Amino acid sequence: MQRRRAVSPEKRYEQLVAQFAELDGVTIPGDEPGREGKFGAAALKVGGKIFAMLAQGRLVVKLPRARVDQLVDAGEGERFDPGHGRLMREWLSLDPGSELSWDALAREALDFVNPTH
């Protein structure tokens with residue numbers, strides 16, 4: 001019996017970006033020339049605000065603090081640390097082993113960042 005190969009986080013994120021590219025108002029990585037290598041350059045944005053990104057091989061989404069607390073408490077991920085040691089209260093870094101839908105979390109993040117979308 002053959003085992004299915006796991007899809008890399010980069011490939012999963014690439015697929016997520018392709019799905020969100022179809023939505024009005026969403027900026028996808030590569031849509032902002034001159035931002036290569038800068039924070040948020042590879043992020044999904046709406047109205048100039050980041051709502052989802054891939055960081056260190058993990059999906060990171062902006063959600064209400066209470067929702068992040070709920071997901072952290074359930075063991076689905078942790079609060080995001082952008083590298084300066086300060087945990088971001090409204091950002092979830094999804095655990096690589098989580099079975100939560102990346103699409104559903106990104107849509108939830110989009111609705112949080114831009115409720116009128």
# chains A, B, ... in the order shown; residues from 1 in each chain; ligands from 1
>>> select_by_dssp(residues="chain A", states="helix (DSSP H, G or I)", output="PyMOL selection string")
chain A and resi 9-20+65-73+102-113
>>> residues_around(residues="stretch 15-21 of chain A", least_positions_apart="2", cutoff="10 Å", atoms="only C-alpha atoms", output="PyMOL selection string")
chain A and resi 9-13+23-29+42-45+52-53+102-103+106-107+110
>>> atom_distance(atom1="atom CA of A:Trp91", atom2="atom CA of A:Pro115")
16.9 Å
>>> residues_around(residues="A:Leu100", least_positions_apart="6", cutoff="12 Å", atoms="only C-alpha atoms", output="ChimeraX atom specification")
/A:59,71,74-77,94,106
>>> atom_distance(atom1="atom CA of A:Arg89", atom2="atom CA of A:Ser8")
26.6 Å
>>> atom_distance(atom1="atom CA of A:Leu54", atom2="atom CA of A:Asn114")
19.5 Å
>>> select_by_dssp(residues="stretch 22-107 of chain A", states="strand (DSSP E or B)", output="number ranges by chain")
A: 26-27, 44-46, 49-55, 58-62, 77-80, 88-94
>>> write_last_selection(atoms="C-alpha atoms", output="mmCIF file, in the first residue's frame")
data_model
loop_
_atom_site.group_PDB
_atom_site.id
_atom_site.type_symbol
_atom_site.label_atom_id
_atom_site.label_comp_id
_atom_site.auth_asym_id
_atom_site.auth_seq_id
_atom_site.Cartn_x
_atom_site.Cartn_y
_atom_site.Cartn_z
ATOM 1 C CA VAL A 26 -7.596 40.955 -1.832
ATOM 2 C CA THR A 27 -3.930 41.616 -2.561
ATOM 3 C CA LEU A 44 -2.599 37.955 1.838
ATOM 4 C CA LYS A 45 -4.004 41.443 2.421
ATOM 5 C CA VAL A 46 -7.255 43.309 2.185
ATOM 6 C CA LYS A 49 -3.985 44.977 6.042
ATOM 7 C CA ILE A 50 -2.523 41.502 6.430
ATOM 8 C CA PHE A 51 -5.011 38.774 7.273
ATOM 9 C CA ALA A 52 -2.994 35.615 6.500
ATOM 10 C CA MET A 53 0.613 34.703 5.785
ATOM 11 C CA LEU A 54 3.076 31.861 5.865
ATOM 12 C CA ALA A 55 5.802 32.255 8.482
ATOM 13 C CA ARG A 58 3.139 27.743 9.484
ATOM 14 C CA LEU A 59 -0.079 29.455 8.507
ATOM 15 C CA VAL A 60 -0.487 32.654 10.523
ATOM 16 C CA VAL A 61 -3.890 34.387 10.640
ATOM 17 C CA LYS A 62 -5.280 37.513 12.299
ATOM 18 C CA GLY A 77 -1.631 26.544 17.577
ATOM 19 C CA GLU A 78 0.074 29.316 19.466
ATOM 20 C CA ARG A 79 0.171 33.075 19.549
ATOM 21 C CA PHE A 80 2.437 34.385 16.805
ATOM 22 C CA MET A 88 0.799 38.943 19.201
ATOM 23 C CA ARG A 89 -2.599 38.549 20.876
ATOM 24 C CA GLU A 90 -4.658 38.673 17.689
ATOM 25 C CA TRP A 91 -2.420 36.428 15.607
ATOM 26 C CA LEU A 92 -2.530 32.629 15.566
ATOM 27 C CA SER A 93 0.348 30.513 14.306
ATOM 28 C CA LEU A 94 -1.384 27.273 13.361
#
